[in-house]
6 protein chains.
Amino acid sequence: MAVFDVRGIVDELGSLRDAWRDSQHRPRAPHAREFPSRTVLGHVVEQIKGALFPMRLGPEDLRHDGENLYVGYTLNCALQSLFTQAQLELRYQARHDEPDPAAIERRARDAVDSFAAALPGVRRLLDQDVLAAYQGDPAATSVDEVLLCYPGILALIHYRLAHLLYLAGLRLLPRIVTEIAHSQTGIDIHPGAQIGASCFIDHGTGVVIGETARLGNGVRIYQAVTLGAKHFPEDAEGNLKKGLLRHPIVEDDVVIYAGATILGRVTLGKGAVIGGNVWVTEDVAPGAALSQASLRSAPRHE
Amino acid sequence: MAVFDVRGIVDELGSLRDAWRDSQHRPRAPHAREFPSRTVLGHVVEQIKGALFPMRLGPEDLRHDGENLYVGYTLNCALQSLFTQAQLELRYQARHDEPDPAAIERRARDAVDSFAAALPGVRRLLDQDVLAAYQGDPAATSVDEVLLCYPGILALIHYRLAHLLYLAGLRLLPRIVTEIAHSQTGIDIHPGAQIGASCFIDHGTGVVIGETARLGNGVRIYQAVTLGAKHFPEDAEGNLKKGLLRHPIVEDDVVIYAGATILGRVTLGKGAVIGGNVWVTEDVAPGAALSQASLRSAPRHE
Amino acid sequence: MAVFDVRGIVDELGSLRDAWRDSQHRPRAPHAREFPSRTVLGHVVEQIKGALFPMRLGPEDLRHDGENLYVGYTLNCALQSLFTQAQLELRYQARHDEPDPAAIERRARDAVDSFAAALPGVRRLLDQDVLAAYQGDPAATSVDEVLLCYPGILALIHYRLAHLLYLAGLRLLPRIVTEIAHSQTGIDIHPGAQIGASCFIDHGTGVVIGETARLGNGVRIYQAVTLGAKHFPEDAEGNLKKGLLRHPIVEDDVVIYAGATILGRVTLGKGAVIGGNVWVTEDVAPGAALSQASLRSAPRHE
Amino acid sequence: MAVFDVRGIVDELGSLRDAWRDSQHRPRAPHAREFPSRTVLGHVVEQIKGALFPMRLGPEDLRHDGENLYVGYTLNCALQSLFTQAQLELRYQARHDEPDPAAIERRARDAVDSFAAALPGVRRLLDQDVLAAYQGDPAATSVDEVLLCYPGILALIHYRLAHLLYLAGLRLLPRIVTEIAHSQTGIDIHPGAQIGASCFIDHGTGVVIGETARLGNGVRIYQAVTLGAKHFPEDAEGNLKKGLLRHPIVEDDVVIYAGATILGRVTLGKGAVIGGNVWVTEDVAPGAALSQASLRSAPRHE
Amino acid sequence: MAVFDVRGIVDELGSLRDAWRDSQHRPRAPHAREFPSRTVLGHVVEQIKGALFPMRLGPEDLRHDGENLYVGYTLNCALQSLFTQAQLELRYQARHDEPDPAAIERRARDAVDSFAAALPGVRRLLDQDVLAAYQGDPAATSVDEVLLCYPGILALIHYRLAHLLYLAGLRLLPRIVTEIAHSQTGIDIHPGAQIGASCFIDHGTGVVIGETARLGNGVRIYQAVTLGAKHFPEDAEGNLKKGLLRHPIVEDDVVIYAGATILGRVTLGKGAVIGGNVWVTEDVAPGAALSQASLRSAPRHE
Amino acid sequence: MAVFDVRGIVDELGSLRDAWRDSQHRPRAPHAREFPSRTVLGHVVEQIKGALFPMRLGPEDLRHDGENLYVGYTLNCALQSLFTQAQLELRYQARHDEPDPAAIERRARDAVDSFAAALPGVRRLLDQDVLAAYQGDPAATSVDEVLLCYPGILALIHYRLAHLLYLAGLRLLPRIVTEIAHSQTGIDIHPGAQIGASCFIDHGTGVVIGETARLGNGVRIYQAVTLGAKHFPEDAEGNLKKGLLRHPIVEDDVVIYAGATILGRVTLGKGAVIGGNVWVTEDVAPGAALSQASLRSAPRHE
């Protein structure tokens with residue numbers, strides 16, 4: 001029978017927590033967690049998904065005649081939870097100031113209101129995303145297969161919801177929402193990115209779309225594509241400048257094949273086709289077709 | 001205290017659902033879900049995995065003397081669930097025709113019968129997959145580590161079961177089964193692909209194997225390898241032609257290193273070795289060794 | 001009503017199990033499972049994560065004044081579970097010898113003791129990893145966002161715990177721990193790898209770090225980077241030699257961009273920068289910057 | 001290690017099942033369960049209780065503004081489940097005849113319709129029951145304490161719902177509903193009993209109210225009171241006659257103290273008071289007060 | 001396919017709720033539940049039981065060396081939950097006044113403080129209860145059987161905890177705690193009752209002990225015993241007078257056999273023995289033995 | 001924010017545990033729980049109930065063709081669990097001696113073997129119990145209603161299984177099994193009692209049947225009936241004598257109405273009828289009918 005004495009370790013871990021909190025200028029006073037919950041947010045997203053597509057992503061025994069009752073009740077619950085989580089994040093954002101509870105509650109309510117009002121628009125976009133996938137993949141046998149099985153659709157649902165939260169000034173909540181999808185699909189879309197209608201991400205594992213990327217309508221992207229930043233300028237104190245426009249602009253109807261890497265604030269012109277594994281750090285003209293072969297051969301024609 | 005009025009949103013979402021259903025030629029009449037369930041299928045796969053490897057993937061308190069009882073009972077449950085799900089898919093497939101319940105039940109029963117009969121063959125193949133991984137990876141310390149920890153094995157188990165369903169004429173069910181594995185492993189194998197014995201997929205994240213790919217025995221594949229299609233011909237109405245043979249043939253004992261991309265109906269000859277990050281759109285001779293270096297240097301020898 | 005007769009399949013599967021066990025020289029005598037449990041280990045890791053970061057990864061209703069009580073109780077539970085699992089693995093390791101229960105218990109106790117004693121050190125390293133990510137990513141808005149949302153941190157937590165188990169002579173347990181993270185993040189770090197302080201893995205999907213890789217402090221790695229082995233020498237009987245030093249050495253402050261592949265026992269010198277999608281099989285000098293462009297252009301300057 | 005061979009026992013139990021089914025004239029043909037589910041019904045009752053008292057017995061995070069949405073959605077779910085269960089019972093009732101599925105569905109729908117339409121009336125009655133308990137028990141501190149804590153109220157809720165099902169021609173379903181309450185409270189009210197408004201059952205353990213009992217308004221009953229049958233006449237074949245009026249009539253405002261036993265079709269007149277442990281098998285005049293003492297002394301005055 | 005239109009019922013139920021709330025002088029303004037939770041309290045009681053008897057009622061895998069860690073952590077959690085619930089009740093108690101949050105929080109804290117401080121005393125009393133049962137029942141084979149299996153002990157644990165809450169001025173919380181035990185055991189002890197040490201309630205079903213009952217040490221009680229009130233005086237407005245001393249005093253070492261009913265503020269003298277089914281409404285002398293026979297025969301000797 | 005300091009209470013509770021263990025002569029050495037688990041036993045009983053009545057008490061989706069597979073697998077699991085629990089109890093029984101693990105394992109195996117072999121006999125008895133209830137209650141509408149809803153049947157199932165364990169020399173396990181039923185039904189049957197075939201306990205709340213009671217076939221019992229002991233002789237040291245025959249003998253076809261109390265080793269002769277609330281401490285002749293009236297009148301004829 002083994003006995004493990006944990007007292008010393010408990011004390012040591014406690015000292016490390018104190019040191020960390022001091023380094024982060026946090027009070028040691030008694031406090032509760034007061035932090036958004038990944039579990040709760042995951043549940044909220046599931047509820048919203050059910051409200052958007054009740055007969056496909058809602059409860060399995062739902063029937064047509066109960067749809068509106070389900071949607072209404074579920075939205076009511078989900079928005080209340082979201083309201084609570086939004087207040088937690090806003091209080092956290094304001095942790096170094098004097099937080100004004102009334103102002104925080106007002107901002108949270110505004111965030112939830114604008115989120116809710118935009119949901120029909122999200123459903124409209126997602127319907128177009130589903131159609132784009134169905135039309136763009138010869139292996140797709142029905143729109144329902146796309147909605148139920150395609151990881152790209154799952155990632156877009158989470159992204160489109162998270163983007164609404166991002167627009168409402170939240171940062172942690174939308175990030176948690178997209179990371180849940182990232183974990184399930186391997187597709188990492190930052191909530192700040194802007195993505196137009198009829199987007200199709202096929203297979204998707206390894207796709208990365210950065211915070212300031214901007215995608216038009218009808219863009220098609222395959223697995224392992226990166227829309228990233230090239231370098232990170234620092235400010236005078238040597239800290240990274242945050243918020244700079246540093247990711248690509250992808251115009252309508254661009255296709256980017258697997259493994260391509262597009263870095264920096266470059267523009268892929270309307271209808272351009274980027275071949276697999278290609279490395280792009282400069283603008284690409286509308287309609288141009290870029291492939292490893294063309295890149296390799298190009299210099300030889302110089 | 002915030003009150004969110006969801007009535008307008010509920011109505012708007014309802015109109016969008018009606019519009020979508022109209023566009024998909026679906027009836028608005030009262031109906032139940034009648035659609036295969038990802039949750040149920042996930043459970044069926046877990047049961048089948050337990051039945052195939054009872055002392056490793058079955059219940060943790062299972063004992064040797066109870067194996068056959070467990071396998072028998074679990075198969076009985078799993079096949080019944082599968083039978084129900086198969087009927088749901090077949091009814092969905094026939095949704096635009098007059099569905100004949102008796103014919104659907106008969107087809108579902110045939111599908112489950114053939115699935116069940118092929119399970120011992122699947123176990124035999126998986127045993128060889130496990131051995132291939134154990135022998136092919138210097139980091140593997142035992143066959144049980146391979147079975148329990150290697151994502152490539154998980155992906156192959158799901159694929160091999162899904163392929164049986166695909167052969168039985170089902171499309172949604174097998175796709176759901178492989179997507180469950182895709183989500184857990186980052187390995188995306190289409191159920192229609194044909195994969196021989198002793199297959200080893202190492203690390204695996206980002207691997208994509210297309211619907212009409214055909215792999216011989218003893219193939220070894222590393223992370224981020226794509227066996228994809230090059231382009232998608234359209235028919236007269238501009239719709240993608242479905243079902244064309246458009247993915248690679250990989251003969252016995254081929255090795256494909258990380259990040260390689262093989263596109264189109266090309267053949268990698270027996271024993272060929274494809275280097276990491278290499279881009280291949282043409283046949284490769286048996287025994288040939290292709291690497292970025294060789295590709296880059298090749299033109300220089302022209 | 002369909003009836004599926006499973007008796008024949010049950011028998012056939014039973015024969016296959018017997019054949020497999022014979023081929024693996026396992027006894028057919030009655031036995032219980034006696035094998036480490038992925039479920040239990042997953043729970044242990046969640047407990048340890050809670051003990052390391054109680055107010056962020058512990059129970060959501062935990063309060064400051066209960067931290068030490070929670071940490072003490074949780075560690076006590078987790079270490080006991082780990083002790084049981086360690087015995088199971090050690091018994092499995094010794095399955096072909098005469099196992100000495102007392103020796104196995106002693107070794108398991110030593111393993112858990114050293115694991116527990118190293119936990120404060122792990123917390124210290126993880127604090128530095130979090131800071132490295134916060135300072136290295138312009139999109140990061142707070143250290144808590146990093147801890148809660150960044151898959152790279154999740155992968156490092158699992159890796160750093162697994163590495164402790166690996167150092168204690170365990171193999172299956174640490175592998176299960178890192179595979180749990182691999183499944184959730186797409187980041188595949190072998191427990192045997194050595195990783196210094198302030199490591200930052202961004203996005204992370206597709207990253208592979210091999211068993212004998214050695215990373216210094218302040219290393220930054222992006223998605224789809226491979227630190228792998230080049231080839232696998234065989235011994236006289238044609239079996240792979242296990243345990244050879246076959247993965248890269250990455251010195252302090254190296255940055256490796258997305259998709260780069262570094263193979264073999266090469267050294268990336270201090271402060272080197274490896275560009276995206278670059279393929280490296282030779283040493284890189286300290287401070288050097290390697291990119292596809294530089295590689296492609298280089299020969300042209302020959 | 002112990003091995004228990006269950007094969008003989010399995011066979012023996014199988015033979016016993018066959019024998020039982022033969023004795024009950026049941027077919028041995030393949031069949032599914034097709035029987036109402038106590039678990040499902042228990043859930044339905046919880047849902048209906050939530051719909052009747054949303055802010056007290058509904059979900060704990062429900063808010064005032066979501067009441068109607070919750071009630072609507074919950075009723076919709078509960079009535080659908082009840083409809084399924086009602087069909088199962090009606091099919092069971094008709095198991096010895098040729099069952100007509102359409103007729104059964106129609107009867108089930110009528111049963112659920114009448115059940116649903118009567119729910120507001122049930123709420124009205126229960127409000128009066130709560131008030132009666134609050135006014136009748138000096139220990140009650142609020143109406144909410146009564147609703148939440150008094151077993152008599154729980155038993156009446158279940159009874160009043162079960163009685164609706166009984167009136168709709170169901171027998172198993174209502175019995176299951178009252179037995180759930182019996183198990184939790186020790187109060188055994190047959191669904192066939194008729195109970196007026198403002199009923200108060202205090203403490204309640206051991207109370208039995210028979211199928212044909214009829215209680216007026218304002219009746220108060222204490223623990224261990226039996227309103228039972230005196231004897232059971234048999235028909236010509238020696239079987240008990242079912243359906244005879246064999247339990248007491250209790251008129252308005254009667255009080256029956258703990259342990260009293262009232263047997264047979266006797267009438268307790270309006271306002272009568274029955275003392276504790278008293279045994280009554282004859283009518284009691286309105287306003288009369290019966291106690292052990294009075295009974296014992298009575299004969300002495302003969 | 002049946003469609004049940006619930007709209008009319010939802011509206012009707014809504015009107016009934018409004019009517020009830022008006023009758024109870026409750027505001028219709030938006031509000032949350034704000035009411036103690038039976039589920040939470042049930043969990044708190046389980047935690048406290050585990051803290052009192054860790055190796056018997058705590059988690060099954062607890063080990064001796066982890067007892068204090070478990071007790072400390074569990075108490076910490078349980079007291080916090082209780083603190084929240086106490087505030088909810090106190091706010092409810094003050095619902096007709098202007099509630100002062102600070103005063104309520106202070107009162108709740110005092111309640112929890114006094115509850116916690118009294119826990120060792122409760123353990124001491126329960127140890128004596130267990131011994132009393134073991135010594136008083138020839139069927140008891142060990143003290144552990146008593147603790148684990150005897151419903152009387154379960155009822156006393158709940159009562160002794162609830163009584164602490166009652167002494168702290170709470171009413172709903174303790175009532176919920178005893179009702180949980182009532183539901184499981186059929187033993188209904190009001191939290192206000194006073195019960196001395198070494199109490200033994202055997203079998204217990206149907207036992208009722210009223211709010212103002214007072215029991216000495218060493219009292220033994222069998223099933224279906226009532227210690228109740230005889231009648232309920234009303235005040236000038238016809239409401240029941242609350243709080244009167246109306247239940248029996250039972251002195252040390254009294255034994256009360258099954259089914260006996262003791263009503264009113266009578267005293268059973270030290271060591272008295274009350275026979276089964278006996279009806280008592282007057283004082284009983286110390287040491288007296290009362291049985292049905294003695295009662296029946298008594299008058300005949302008049 | 002309230003902080004509750006639990007350290008003092010933890011210490012005090014620790015001292016009380018030490019004192020108790022000393023008083024019970026228990027070692028303070030490190031130890032694990034090593035005690036039978038009520039949770040596990042409850043699960044075992046549910047499994048056995050499913051194995052006895054698969055299509056009624058087994059899983060709801062079980063089908064006829066899977067019965068034997070289910071019964072076999074479930075028995076296998078249940079018997080293994082029971083074997084473990086039996087060893088725990090036997091080790092506990094031997095806690096004051098030198099426990100011999102091999103002897104304990106052998107005794108546990110014998111206990112489980114005899115338990116398993118007797119299961120078909122239990123099913124046979126229970127079928128007769130069900131018929132007896134169906135034939136004896138005019139309110140019963142089917143044998144399935146009896147099996148599913150009648151608390152008397154539930155109590156008898158638990159009793160008949162517990163009695164097998166009692167006969168095998170176990171004490172704690174059977175007691176736990178009957179207490180689970182006691183809690184759900186209010187019927188308290190000691191596992192040591194002997195009960196013949198075709199027993200019917202109606203309503204049941206408050207029934208108590210003591211350890212050495214012996215009931216013949218066809219006995220019918222109503223709620224609140226006690227078959228108890230009259231007094232408890234002590235041995236020379238003043239401890240209760242355990243194991244004496246102290247409860248009634250009830251011969252075939254006796255009927256005992258609600259609330260009757262039969263105390264001591266008296267015999268109720270074949271076919272006797274005991275009226276409600278009657279108090280019996282002497283033998284009753286075969287065929288005799290005893291009622292309160294007859295008892296009261298009897299003395300008057302003296």
# chains A, B, ... in the order shown; residues from 1 in each chain; ligands from 1

call {"tool": "interface_residues", "arguments": {"of": "chain D", "to": "chain A", "cutoff": "7 Å", "atoms": "only C-alpha atoms", "output": "list of chain:residue names"}}
result
D:Gly66, D:Leu69, D:Tyr70, D:Gly72, D:Tyr73, D:Asn76

call {"tool": "write_last_selection", "arguments": {"atoms": "all heavy atoms", "output": "JSON list (two decimals), in the first residue's frame"}}
result
[["chain", "number", "residue", "atom", "x", "y", "z"],
["D", 66, "GLY", "N", -39.12, 33.54, -19.91],
["D", 66, "GLY", "CA", -39.06, 32.37, -20.77],
["D", 66, "GLY", "C", -40.13, 31.34, -20.44],
["D", 66, "GLY", "O", -40.17, 30.27, -21.04],
["D", 69, "LEU", "N", -42.43, 30.03, -23.37],
["D", 69, "LEU", "CA", -41.64, 29.25, -24.32],
["D", 69, "LEU", "C", -41.34, 27.88, -23.75],
["D", 69, "LEU", "O", -41.47, 26.86, -24.42],
["D", 69, "LEU", "CB", -40.33, 29.98, -24.65],
["D", 69, "LEU", "CG", -40.49, 31.27, -25.46],
["D", 69, "LEU", "CD1", -39.22, 32.09, -25.41],
["D", 69, "LEU", "CD2", -40.86, 30.93, -26.90],
["D", 70, "TYR", "N", -40.94, 27.87, -22.50],
["D", 70, "TYR", "CA", -40.64, 26.59, -21.84],
["D", 70, "TYR", "C", -41.89, 25.71, -21.77],
["D", 70, "TYR", "O", -41.84, 24.52, -22.10],
["D", 70, "TYR", "CB", -40.08, 26.84, -20.44],
["D", 70, "TYR", "CG", -40.10, 25.61, -19.58],
["D", 70, "TYR", "CD1", -39.20, 24.59, -19.81],
["D", 70, "TYR", "CD2", -41.04, 25.47, -18.56],
["D", 70, "TYR", "CE1", -39.22, 23.44, -19.02],
["D", 70, "TYR", "CE2", -41.08, 24.34, -17.78],
["D", 70, "TYR", "CZ", -40.17, 23.32, -18.01],
["D", 70, "TYR", "OH", -40.21, 22.19, -17.26],
["D", 72, "GLY", "N", -44.60, 25.76, -23.56],
["D", 72, "GLY", "CA", -45.01, 25.29, -24.88],
["D", 72, "GLY", "C", -44.13, 24.16, -25.38],
["D", 72, "GLY", "O", -44.62, 23.11, -25.79],
["D", 73, "TYR", "N", -42.83, 24.35, -25.30],
["D", 73, "TYR", "CA", -41.93, 23.34, -25.82],
["D", 73, "TYR", "C", -42.03, 22.05, -25.02],
["D", 73, "TYR", "O", -42.08, 20.93, -25.57],
["D", 73, "TYR", "CB", -40.49, 23.86, -25.80],
["D", 73, "TYR", "CG", -39.49, 22.82, -26.20],
["D", 73, "TYR", "CD1", -39.62, 22.15, -27.42],
["D", 73, "TYR", "CD2", -38.44, 22.48, -25.38],
["D", 73, "TYR", "CE1", -38.72, 21.18, -27.79],
["D", 73, "TYR", "CE2", -37.53, 21.52, -25.76],
["D", 73, "TYR", "CZ", -37.68, 20.86, -26.96],
["D", 73, "TYR", "OH", -36.79, 19.89, -27.33],
["D", 76, "ASN", "N", -45.20, 20.16, -25.72],
["D", 76, "ASN", "CA", -45.10, 19.53, -27.04],
["D", 76, "ASN", "C", -44.34, 18.22, -26.95],
["D", 76, "ASN", "O", -44.77, 17.18, -27.46],
["D", 76, "ASN", "CB", -44.42, 20.50, -28.00],
["D", 76, "ASN", "CG", -44.31, 19.94, -29.41],
["D", 76, "ASN", "OD1", -43.32, 19.31, -29.74],
["D", 76, "ASN", "ND2", -45.34, 20.11, -30.21]]

call {"tool": "select_by_dssp", "arguments": {"residues": "region 40-289 of chain E", "states": "strand (DSSP E)", "output": "MDAnalysis selection string"}}
result
chainID E and resid 188:189 194:195 200:201 208:209 214:215 220:221 226:228 249:250 255:256 261:263 267:268 273:274 279:280 289

call {"tool": "residues_around", "arguments": {"residues": "region 124-132 of chain D", "least_positions_apart": "4", "cutoff": "12 Å", "atoms": "only C-alpha atoms", "output": "ChimeraX atom specification"}}
result
/D:49,52-53,118-120,136-138,140-161,195-202,217-221,253 /E:12-21,23-24,239-240

call {"tool": "atom_distance", "arguments": {"atom1": "CA of Thr212 (chain A)", "atom2": "CA of Val278 (chain A)"}}
result
21.0 Å

call {"tool": "residues_around", "arguments": {"residues": "region 241-249 of chain D", "least_positions_apart": "3", "cutoff": "12 Å", "atoms": "only C-alpha atoms", "output": "ChimeraX atom specification"}}
result
/D:190,192-196,208-217,219,226-238,252,254,261-270,272,280-284 /F:134-142

call {"tool": "select_by_dssp", "arguments": {"residues": "region 44-283 of chain D", "states": "alpha helix (DSSP H)", "output": "PyMOL selection string"}}
result
chain D and resi 44-52+54-57+67-93+101-117+119-136+143-149+151-167+172-185

call {"tool": "atom_distance", "arguments": {"atom1": "CA of Gln223 (chain A)", "atom2": "CA of Asn277 (chain A)"}}
result
10.3 Å
